[in-house]
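What follows is the content of protein.pdb, which has PDB, C-alpha atoms:
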```
ATOM      1  CA  MET A 144     136.102  86.992 238.158  1.00  0.00           C
ATOM      2  CA  SER A 145     139.010  85.056 236.669  1.00  0.00           C
ATOM      3  CA  ILE A 146     142.300  84.481 238.374  1.00  0.00           C
ATOM      4  CA  VAL A 147     145.238  85.098 236.043  1.00  0.00           C
ATOM      5  CA  LYS A 148     148.518  83.494 236.998  1.00  0.00           C
ATOM      6  CA  LYS A 149     151.296  86.013 236.411  1.00  0.00           C
ATOM      7  CA  ASP A 150     154.727  84.904 235.359  1.00  0.00           C
ATOM      8  CA  VAL A 151     157.648  85.491 237.722  1.00  0.00           C
ATOM      9  CA  VAL A 152     160.259  87.986 236.507  1.00  0.00           C
ATOM     10  CA  LEU A 153     163.827  87.074 237.411  1.00  0.00           C
ATOM     11  CA  LYS A 154     166.945  89.230 237.478  1.00  0.00           C
ATOM     12  CA  THR A 155     170.205  88.109 235.877  1.00  0.00           C
ATOM     13  CA  ASP A 156     171.710  86.566 239.019  1.00  0.00           C
ATOM     14  CA  GLU A 157     168.443  84.788 239.856  1.00  0.00           C
ATOM     15  CA  ALA A 158     168.230  83.325 236.351  1.00  0.00           C
ATOM     16  CA  ILE A 159     171.848  82.149 236.538  1.00  0.00           C
ATOM     17  CA  ARG A 160     171.192  80.374 239.850  1.00  0.00           C
ATOM     18  CA  TYR A 161     167.950  78.875 238.488  1.00  0.00           C
ATOM     19  CA  LEU A 162     169.721  77.479 235.413  1.00  0.00           C
ATOM     20  CA  LYS A 163     172.918  76.579 237.333  1.00  0.00           C
ATOM     21  CA  ILE A 164     175.152  78.036 234.622  1.00  0.00           C
ATOM     22  CA  SER A 165     177.877  80.696 234.613  1.00  0.00           C
ATOM     23  CA  LYS A 166     177.177  84.341 233.845  1.00  0.00           C
ATOM     24  CA  PRO A 167     179.227  84.293 230.609  1.00  0.00           C
ATOM     25  CA  THR A 168     177.256  81.250 229.403  1.00  0.00           C
ATOM     26  CA  PHE A 169     173.957  82.915 230.303  1.00  0.00           C
ATOM     27  CA  LEU A 170     174.912  86.104 228.453  1.00  0.00           C
ATOM     28  CA  LYS A 171     176.063  84.085 225.437  1.00  0.00           C
ATOM     29  CA  TYR A 172     172.669  82.338 225.284  1.00  0.00           C
ATOM     30  CA  VAL A 173     170.848  85.691 225.564  1.00  0.00           C
ATOM     31  CA  HIS A 174     172.938  87.247 222.776  1.00  0.00           C
ATOM     32  CA  MET A 175     172.514  84.146 220.594  1.00  0.00           C
ATOM     33  CA  GLY A 176     168.745  84.386 221.059  1.00  0.00           C
ATOM     34  CA  ARG A 177     168.468  81.010 222.795  1.00  0.00           C
ATOM     35  CA  ILE A 178     167.033  82.772 225.874  1.00  0.00           C
ATOM     36  CA  ASN A 179     164.629  85.700 225.420  1.00  0.00           C
ATOM     37  CA  ALA A 180     165.341  88.527 227.870  1.00  0.00           C
ATOM     38  CA  ILE A 181     165.150  92.289 228.001  1.00  0.00           C
ATOM     39  CA  LYS A 182     167.896  94.649 229.111  1.00  0.00           C
ATOM     40  CA  ALA A 183     166.985  96.610 232.234  1.00  0.00           C
ATOM     41  CA  GLY A 184     169.662  98.959 233.488  1.00  0.00           C
ATOM     42  CA  LYS A 185     172.891  97.025 233.974  1.00  0.00           C
ATOM     43  CA  GLY A 186     171.171  93.652 234.037  1.00  0.00           C
ATOM     44  CA  TRP A 187     168.586  91.527 232.279  1.00  0.00           C
ATOM     45  CA  ARG A 188     164.995  90.557 233.131  1.00  0.00           C
ATOM     46  CA  ILE A 189     163.791  87.106 232.211  1.00  0.00           C
ATOM     47  CA  LEU A 190     160.454  85.365 232.657  1.00  0.00           C
ATOM     48  CA  GLN A 191     160.687  82.119 234.600  1.00  0.00           C
ATOM     49  CA  SER A 192     158.509  80.480 231.950  1.00  0.00           C
ATOM     50  CA  GLU A 193     161.174  81.448 229.390  1.00  0.00           C
ATOM     51  CA  LEU A 194     163.815  79.633 231.423  1.00  0.00           C
ATOM     52  CA  ASN A 195     161.536  76.585 231.666  1.00  0.00           C
ATOM     53  CA  ARG A 196     161.062  76.718 227.882  1.00  0.00           C
ATOM     54  CA  PHE A 197     164.833  76.862 227.445  1.00  0.00           C
ATOM     55  CA  LEU A 198     165.371  73.912 229.801  1.00  0.00           C
ATOM     56  CA  THR A 199     162.844  71.753 227.956  1.00  0.00           C
ATOM     57  CA  GLY A 200     164.690  72.381 224.695  1.00  0.00           C
ATOM     58  CA  LYS A 201     161.866  74.171 222.890  1.00  0.00           C
ATOM     59  CA  VAL A 202     162.951  76.660 220.230  1.00  0.00           C
ATOM     60  CA  ALA A 203     162.776  80.350 221.174  1.00  0.00           C
ATOM     61  CA  GLN A 204     160.695  82.728 219.076  1.00  0.00           C
ATOM     62  CA  LEU A 205     163.058  85.298 217.611  1.00  0.00           C
ATOM     63  CA  ASN A 206     162.382  88.907 218.603  1.00  0.00           C
ATOM     64  CA  GLY A 207     159.971  90.514 216.193  1.00  0.00           C
ATOM     65  CA  GLU A 208     158.972  87.190 214.640  1.00  0.00           C
ATOM     66  CA  ASP A 209     156.519  86.089 217.324  1.00  0.00           C
ATOM     67  CA  PRO A 210     153.139  85.668 215.631  1.00  0.00           C
ATOM     68  CA  GLY A 211     151.558  87.158 218.774  1.00  0.00           C
ATOM     69  CA  LEU A 212     153.191  90.527 218.139  1.00  0.00           C
ATOM     70  CA  THR A 213     151.477  93.155 216.043  1.00  0.00           C
ATOM     71  CA  SER A 214     153.524  95.385 213.769  1.00  0.00           C
ATOM     72  CA  GLN A 215     153.115  98.165 216.339  1.00  0.00           C
ATOM     73  CA  GLN A 216     154.479  96.151 219.300  1.00  0.00           C
ATOM     74  CA  THR A 217     158.079  95.617 220.270  1.00  0.00           C
ATOM     75  CA  PRO A 218     159.266  92.448 222.016  1.00  0.00           C
ATOM     76  CA  GLY A 219     159.806  94.546 225.164  1.00  0.00           C
ATOM     77  CA  GLU A 220     156.179  95.662 225.103  1.00  0.00           C
ATOM     78  CA  GLU A 221     155.063  92.042 224.770  1.00  0.00           C
ATOM     79  CA  PHE A 222     157.214  91.146 227.811  1.00  0.00           C
ATOM     80  CA  LEU A 223     155.635  93.946 229.854  1.00  0.00           C
ATOM     81  CA  ARG A 224     152.171  92.810 228.779  1.00  0.00           C
ATOM     82  CA  LYS A 225     152.917  89.213 229.868  1.00  0.00           C
ATOM     83  CA  VAL A 226     153.936  90.328 233.355  1.00  0.00           C
ATOM     84  CA  GLY A 227     150.870  92.571 233.671  1.00  0.00           C
ATOM     85  CA  ILE A 228     152.533  95.980 233.510  1.00  0.00           C
ATOM     86  CA  LEU A 229     150.862  97.035 230.221  1.00  0.00           C
TER      87      LEU A 229
END
```
Can I see the file as structure tokens?
Amino acid sequence: MSIVKKDVVLKTDEAIRYLKISKPTFLKYVHMGRINAIKAGKGWRILQSELNRFLTGKVAQLNGEDPGLTSQQTPGEEFLRKVGIL
């Protein structure tokens, strides 16, 4: 039996506190594609590993251009698969 480490999913306010940036700056980075997130209700959901990637300066994979996605998957489906929902 293997133990799979699941990524932590953060809400908008949690991500803002983690990054120590303002909400407008966070939203700008999401809309620019510098931070990958999915819209959930009135807020956003972000993987903690995505925030760590952002902080280390690595380039984000643009939605739909991730080589791990099949033509049938959406970026949101890939996010749900990473957190173990799908």
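Taken over the shown file, the PyMOL selection byres ((chain A and resi 193) around 10) identifies A:Asp150, A:Val151, A:Val152, A:Arg177, A:Ile178, A:Asn179, A:Ala180, A:Ile189, A:Leu190, A:Gln191, A:Ser192, A:Leu194, A:Asn195, A:Arg196, A:Phe197, A:Leu198, A:Thr199, A:Lys201, A:Ala203.
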Among the residues A:Arg160, A:Lys171, A:Lys154, A:Lys166, the one that comes closest to A:Ala183 [using only C-alpha atoms]: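 Of A:Arg160, A:Lys171, A:Lys154, A:Lys166, the one nearest A:Ala183 is A:Lys154, counting only C-alpha atoms.
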Give me, please, the distance in Å between atom CA of A:Tyr161 and atom CA of A:Trp187, quoted to one decimal. 14.1 Å
I'd like the residues picked by the PyMOL selection byres ((chain A and resi 186) around 12) written out as a VMD selection string, using the chain letters and numbers from the file. chain A and resid 153 to 159 166 169 to 170 173 180 to 185 187 to 189
Could you work out an axis-aligned bounding box for all listed atoms of stretch 174-183 of chain A, with 5 Å added on each of the six sides, and give its centre and edge lengths in Å to one decimal, as AutoDock Vina command-line options?
```
--center_x 168.8 --center_y 88.8 --center_z 226.4 --size_x 18.3 --size_y 25.6 --size_z 21.6
```
